[in-house]
Each structure stands twice: as structure tokens, then as C-alpha cells.
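Raw contents of work11.cif, mmCIF, C-alpha atoms and all ligand atoms:
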```
data_query
loop_
_atom_site.group_PDB
_atom_site.id
_atom_site.type_symbol
_atom_site.label_atom_id
_atom_site.label_comp_id
_atom_site.auth_asym_id
_atom_site.auth_seq_id
_atom_site.Cartn_x
_atom_site.Cartn_y
_atom_site.Cartn_z
ATOM 1 C CA MET A 1 -26.382 -121.493 52.743
ATOM 2 C CA GLU A 2 -22.577 -120.966 52.767
ATOM 3 C CA HIS A 3 -21.121 -117.527 53.248
ATOM 4 C CA PRO A 4 -20.183 -116.081 49.819
ATOM 5 C CA ILE A 5 -16.573 -115.598 50.872
ATOM 6 C CA ILE A 6 -16.234 -119.262 51.907
ATOM 7 C CA ARG A 7 -17.773 -120.253 48.593
ATOM 8 C CA PHE A 8 -15.443 -118.008 46.703
ATOM 9 C CA ILE A 9 -12.366 -119.368 48.484
ATOM 10 C CA SER A 10 -13.310 -123.006 48.137
ATOM 11 C CA LYS A 11 -13.973 -122.506 44.469
ATOM 12 C CA TRP A 12 -10.716 -120.695 43.732
ATOM 13 C CA LEU A 13 -8.393 -122.261 46.327
ATOM 14 C CA PRO A 14 -6.841 -124.800 43.924
ATOM 15 C CA VAL A 15 -6.150 -122.033 41.433
ATOM 16 C CA ILE A 16 -4.616 -119.796 44.114
ATOM 17 C CA ILE A 17 -2.369 -122.584 45.390
ATOM 18 C CA PHE A 18 -1.388 -123.528 41.870
ATOM 19 C CA SER A 19 -0.456 -119.929 41.076
ATOM 20 C CA LEU A 20 1.588 -119.600 44.256
ATOM 21 C CA VAL A 21 3.517 -122.757 43.476
ATOM 22 C CA LEU A 22 4.101 -121.512 39.966
ATOM 23 C CA ILE A 23 5.387 -118.146 41.180
ATOM 24 C CA MET A 24 7.629 -119.747 43.796
ATOM 25 C CA SER A 25 9.121 -122.228 41.383
ATOM 26 C CA TRP A 26 9.707 -119.500 38.841
ATOM 27 C CA SER A 27 11.450 -117.262 41.340
ATOM 28 C CA SER A 28 13.535 -120.140 42.680
ATOM 29 C CA CYS A 29 14.674 -120.919 39.161
ATOM 30 C CA TYR A 30 15.590 -117.316 38.759
ATOM 31 C CA TYR A 31 17.653 -117.146 41.934
ATOM 32 C CA ASP A 32 19.284 -120.513 41.399
ATOM 33 C CA LYS A 33 20.846 -119.481 38.120
ATOM 34 C CA GLU A 34 24.149 -121.286 38.083
ATOM 35 C CA GLU A 35 26.185 -118.355 36.794
ATOM 36 C CA GLU A 36 24.930 -116.138 39.591
ATOM 37 C CA LEU A 37 25.683 -118.567 42.398
ATOM 38 C CA TYR A 38 28.962 -119.822 40.967
ATOM 39 C CA PRO A 39 30.634 -117.242 38.713
ATOM 40 C CA PRO A 40 32.787 -119.064 36.161
ATOM 41 C CA VAL A 41 36.280 -119.541 37.585
ATOM 42 C CA THR A 42 37.793 -118.564 34.267
ATOM 43 C CA GLN A 43 36.619 -114.992 34.738
ATOM 44 C CA CYS A 44 39.688 -112.752 34.679
ATOM 45 C CA ASP A 45 39.313 -109.034 34.244
ATOM 46 C CA THR A 46 42.284 -107.738 32.287
ATOM 47 C CA SER A 47 40.746 -104.384 31.477
ATOM 48 C CA GLY A 48 42.701 -101.558 33.039
ATOM 49 C CA VAL A 49 45.893 -103.577 33.322
ATOM 50 C CA GLY A 50 48.832 -101.206 33.686
ATOM 51 C CA TYR A 51 52.300 -100.911 35.176
ATOM 52 C CA GLN A 52 51.318 -98.922 38.267
ATOM 53 C CA ALA A 53 47.904 -100.504 38.775
ATOM 54 C CA THR A 54 48.772 -104.155 38.177
ATOM 55 C CA ILE A 55 52.433 -104.950 37.694
ATOM 56 C CA VAL A 56 53.979 -102.957 40.548
ATOM 57 C CA PRO A 57 51.764 -104.622 43.212
ATOM 58 C CA LEU A 58 52.407 -108.080 41.727
ATOM 59 C CA MET A 59 56.185 -107.601 41.693
ATOM 60 C CA LYS A 60 56.056 -106.243 45.230
ATOM 61 C CA SER A 61 54.138 -109.295 46.457
ATOM 62 C CA TYR A 62 56.042 -112.009 44.648
ATOM 63 C CA CYS A 63 59.377 -110.852 43.251
ATOM 64 C CA ASN A 64 60.997 -107.804 44.796
ATOM 65 C CA ALA A 65 62.176 -109.624 47.918
ATOM 66 C CA CYS A 66 64.800 -111.344 45.756
ATOM 67 C CA HIS A 67 64.985 -109.037 42.759
ATOM 68 C CA ASN A 68 65.499 -105.563 44.187
ATOM 69 C CA SER A 69 67.936 -102.938 43.028
ATOM 70 C CA SER A 70 70.180 -103.301 46.101
ATOM 71 C CA SER A 71 70.668 -107.065 45.721
ATOM 72 C CA PRO A 72 69.263 -108.254 42.409
ATOM 73 C CA SER A 73 69.217 -112.075 42.249
ATOM 74 C CA GLY A 74 70.542 -113.234 38.902
ATOM 75 C CA GLY A 75 71.285 -109.608 38.038
ATOM 76 C CA ILE A 76 67.538 -108.962 37.700
ATOM 77 C CA ALA A 77 65.624 -106.170 39.405
ATOM 78 C CA THR A 78 61.829 -106.241 39.310
ATOM 79 C CA ASP A 79 61.338 -103.312 41.682
ATOM 80 C CA ASN A 80 61.794 -100.616 39.048
ATOM 81 C CA TYR A 81 60.489 -100.011 35.571
ATOM 82 C CA GLN A 82 63.842 -100.072 33.742
ATOM 83 C CA GLY A 83 64.858 -103.387 35.273
ATOM 84 C CA LEU A 84 61.522 -105.014 34.626
ATOM 85 C CA LYS A 85 61.370 -103.739 31.067
ATOM 86 C CA VAL A 86 64.560 -105.673 30.272
ATOM 87 C CA ILE A 87 63.028 -109.053 31.178
ATOM 88 C CA ALA A 88 59.641 -108.084 29.726
ATOM 89 C CA LEU A 89 61.336 -107.543 26.362
ATOM 90 C CA ASN A 90 63.672 -110.548 26.371
ATOM 91 C CA GLY A 91 60.848 -112.955 27.216
ATOM 92 C CA LYS A 92 62.244 -114.004 30.595
ATOM 93 C CA LEU A 93 59.490 -112.346 32.642
ATOM 94 C CA TYR A 94 56.712 -114.315 31.000
ATOM 95 C CA GLY A 95 58.799 -117.456 30.550
ATOM 96 C CA SER A 96 59.712 -117.599 34.227
ATOM 97 C CA ILE A 97 56.252 -116.922 35.721
ATOM 98 C CA ALA A 98 54.449 -119.162 33.202
ATOM 99 C CA HIS A 99 57.025 -121.891 33.918
ATOM 100 C CA LEU A 100 57.862 -122.306 30.254
ATOM 101 C CA SER A 101 60.640 -124.748 29.470
ATOM 102 C CA GLY A 102 64.029 -123.102 29.118
ATOM 103 C CA TYR A 103 63.324 -120.601 31.896
ATOM 104 C CA SER A 104 63.972 -120.794 35.596
ATOM 105 C CA PRO A 105 60.509 -121.081 37.211
ATOM 106 C CA MET A 106 59.533 -118.069 39.377
ATOM 107 C CA PRO A 107 58.808 -117.131 42.090
ATOM 108 C CA LYS A 108 61.712 -119.329 43.133
ATOM 109 C CA GLY A 109 60.655 -121.793 45.835
ATOM 110 C CA GLY A 110 57.133 -120.356 45.915
ATOM 111 C CA ASN A 111 53.771 -121.137 44.399
ATOM 112 C CA LYS A 112 53.160 -120.333 40.764
ATOM 113 C CA LEU A 113 51.165 -117.135 40.277
ATOM 114 C CA SER A 114 47.460 -117.541 39.552
ATOM 115 C CA ASP A 115 46.458 -118.023 35.926
ATOM 116 C CA CYS A 116 44.759 -114.650 36.066
ATOM 117 C CA ASP A 117 47.866 -112.833 37.334
ATOM 118 C CA ILE A 118 49.989 -114.516 34.662
ATOM 119 C CA LYS A 119 47.452 -113.480 32.044
ATOM 120 C CA LYS A 120 47.570 -109.872 33.271
ATOM 121 C CA VAL A 121 51.346 -109.793 32.997
ATOM 122 C CA LYS A 122 51.062 -111.179 29.468
ATOM 123 C CA VAL A 123 48.505 -108.533 28.530
ATOM 124 C CA TRP A 124 50.905 -105.871 29.805
ATOM 125 C CA ILE A 125 53.887 -107.346 27.921
ATOM 126 C CA ASP A 126 51.849 -107.731 24.717
ATOM 127 C CA ALA A 127 50.831 -104.087 24.991
ATOM 128 C CA GLY A 128 54.524 -103.200 24.800
ATOM 129 C CA SER A 129 55.057 -103.060 28.607
ATOM 130 C CA PRO A 130 54.123 -99.373 28.903
ATOM 131 C CA GLU A 131 55.167 -97.416 31.980
ATOM 132 C CA ASN A 132 51.631 -96.194 32.720
HETATM 133 C C1 LIG B 1 63.206 -116.469 46.744
HETATM 134 C C2 LIG B 1 63.873 -115.589 45.828
HETATM 135 C C3 LIG B 1 63.235 -115.302 44.490
HETATM 136 C C4 LIG B 1 61.949 -114.901 44.230
HETATM 137 C C5 LIG B 1 60.807 -114.690 45.231
HETATM 138 C C6 LIG B 1 61.863 -114.670 42.821
HETATM 139 N N1 LIG B 1 63.065 -114.944 42.228
HETATM 140 FE FE1 LIG B 1 63.500 -114.787 40.264
HETATM 141 N N2 LIG B 1 65.350 -115.540 40.601
HETATM 142 C C7 LIG B 1 65.878 -115.829 41.838
HETATM 143 C C8 LIG B 1 67.266 -116.307 41.668
HETATM 144 C C9 LIG B 1 68.196 -116.712 42.802
HETATM 145 C C10 LIG B 1 67.516 -116.290 40.289
HETATM 146 C C11 LIG B 1 68.802 -116.695 39.569
HETATM 147 C C12 LIG B 1 68.935 -118.189 39.489
HETATM 148 C C13 LIG B 1 67.912 -118.782 38.548
HETATM 149 O O1 LIG B 1 67.796 -118.343 37.391
HETATM 150 O O2 LIG B 1 67.184 -119.678 38.988
HETATM 151 C C14 LIG B 1 66.305 -115.803 39.646
HETATM 152 C C15 LIG B 1 66.166 -115.666 38.287
HETATM 153 C C16 LIG B 1 65.091 -115.039 37.690
HETATM 154 C C17 LIG B 1 64.960 -114.818 36.279
HETATM 155 C C18 LIG B 1 65.906 -115.280 35.201
HETATM 156 C C19 LIG B 1 65.362 -116.643 34.768
HETATM 157 C C20 LIG B 1 66.031 -117.219 33.570
HETATM 158 O O3 LIG B 1 65.542 -118.282 33.108
HETATM 159 O O4 LIG B 1 67.023 -116.672 33.094
HETATM 160 C C21 LIG B 1 63.796 -114.138 36.081
HETATM 161 C C22 LIG B 1 63.216 -113.640 34.768
HETATM 162 C C23 LIG B 1 63.186 -113.975 37.373
HETATM 163 N N3 LIG B 1 63.980 -114.536 38.331
HETATM 164 C C24 LIG B 1 61.978 -113.335 37.571
HETATM 165 C C25 LIG B 1 61.288 -113.398 38.770
HETATM 166 C C26 LIG B 1 59.951 -112.910 38.903
HETATM 167 C C27 LIG B 1 59.135 -112.221 37.820
HETATM 168 C C28 LIG B 1 59.573 -113.164 40.182
HETATM 169 C C29 LIG B 1 58.225 -112.893 40.829
HETATM 170 C C30 LIG B 1 57.097 -113.527 40.190
HETATM 171 C C31 LIG B 1 60.695 -113.805 40.850
HETATM 172 N N4 LIG B 1 61.709 -113.925 39.941
HETATM 173 C C32 LIG B 1 60.723 -114.212 42.166
HETATM 174 C C33 LIG B 1 65.252 -115.702 43.044
HETATM 175 C C34 LIG B 1 63.921 -115.345 43.209
#
```

Just dump the structure as C-alpha cells.
Ligand code: HEC
Amino acid sequence: MEHPIIRFISKWLPVIIFSLVLIMSWSSCYYDKEEELYPPVTQCDTSGVGYQATIVPLMKSYCNACHNSSSPSGGIATDNYQGLKVIALNGKLYGSIAHLSGYSPMPKGGNKLSDCDIKKVKVWIDAGSPEN
């Protein structure tokens, strides 16, 4: 006579294994969700875009070396609000960083800004290029 526990296990073992496989495959599906492992590259958070928070750091990184108040290339200064507002309003800021035809592509001699950074600048311009 088999021990009742052995009998119980041999009777239910296939079911136990089947359930484990089911649980594991379910959880692996869950963790392998494509969006979680590879967030879409198009994701660009433009909420909270503002002059101080977004534009000032961008200009500092990519533009101010050539366009500062003390020696403004092409008569353009990007290191202060008044100077930047001029090219934000006349379309040259967006035209130059988006490399639109008819504008001198910026940053001069450097890589084009990322699509997300360009989008942020556009959001700021479209909002009326506010100072805050
Ligand atoms: C390496 C120096 C350099 C950097 C960096 C640079 N610029 Fe310029 N930029 C120039 C010079 C020189 C001119 C004038 C000659 C010309 O238009 O190409 C100019 C011209 C411009 C113009 C006028 C373009 C037109 O079509 O009339 C704009 C607008 C401008 N820059 C914006 C920017 C912005 C915004 C950045 C940062 C993303 C930037 N620049 C980075 C050197 C630079």
C-alpha cells in the first residue's frame, strides 16, 4: 500500500506542473511587454516647457558660445530673453534649428538638436515665447 502523500502527489503532479508552467508563461508575458522593455522612441514630454526650465539650458548648451551679448554672431544673442524673443518672433529660431530651407542651419558646424528638443522649442514659441 502506497503512502497517501505519495499517492496524492502522483495523482496531482501533472496538474501541479501544468499550473506552474501556466503561471510562469503568464508572468513572462507580463514582464516581456514590449512597451515596458523598449519605451517608444517618439516619447517626448513637452509638459512644463518654459523659458527658464527648458530654453535657457538648451541655449546655454548649444547656442550661447557663438550668440552671446558680448559678441553676438550675426547680430543675434541667445543668452538673454530679449535677444531670443526677437528670433522667436521672426521665425529664425525655429527655422534655423529645424533646418528649414531659407534659414542658416544651427548650431553652426554642430549636430542638429534632437527632435524632442526642437519640439520643445516649438511648443515654447507657439505658446508666445513667454518669459516664465
Ligand atoms: C559655432 C558658432 C555658432 C553656434 C554654436 C550657433 N550659431 Fe547661430 N549663427 C552663427 C553665425 C556665425 C551666424 C551668422 C551667419 C549665418 O547666418 O550662418 C549665425 C546665425 C544664426 C541665425 C540667423 C540665421 C538666419 O537664417 O538668418 C540664427 C537664428 C541662429 N544663428 C540661431 C542659433 C541657435 C538657436 C543656435 C543654437 C541651437 C545657434 N545659432 C548656434 C554661429 C553659431

inquiry  = Please report the interatomic distance between atom CA of Tyr51 of chain A and atom CA of Gly109 of chain A in Å with one decimal.
reply    =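 A separation of 24.9 Å between them.
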
task = In Å, rounded to a single decimal, give me how far atom CA of Pro130 of chain A is from atom C11 of ligand LIG 1 (chain B).
result =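 Separating atom C11 of ligand LIG 1 (chain B) from atom CA of Pro130 of chain A is a distance of 25.1 Å.
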
key: Protein and nucleic residues near ligand LIG 1 (chain B), 8 Å, all atoms listed in the file, as an MDAnalysis selection string   = chainID A and resid 58:59 61:67 73:76 78 87 91:97 102:110 112:113

remark   = As a check of understanding: the span from atom CA of Cys44 of chain A to atom CA of Trp124 of chain A is 14.0 Å

request  = Go through A:Asn132, A:Ser69, A:Val123, A:Leu22 and flag the residue nearest Asp45 of chain A, using only C-alpha atoms for the distances.
outcome  =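 Using only C-alpha atoms, Asp45 of chain A sits closest to A:Val123.
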
Around all of segment 5-15 of chain A's listed atoms, make the axis-aligned box with 3 Å on each side and tell me centre and edge lengths in Å to one decimal, as JSON.
```
{"center_x": -12.0, "center_y": -120.2, "center_z": 46.7, "size_x": 17.6, "size_y": 15.2, "size_z": 16.5}
```

key: Best match for closeness to Lys119 of chain A among A:Ala77, A:Ile9, A:Leu20, A:Val49, counting all atoms listed in the file   =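 Nearest candidate to Lys119 of chain A out of A:Ala77, A:Ile9, A:Leu20, A:Val49: A:Val49.
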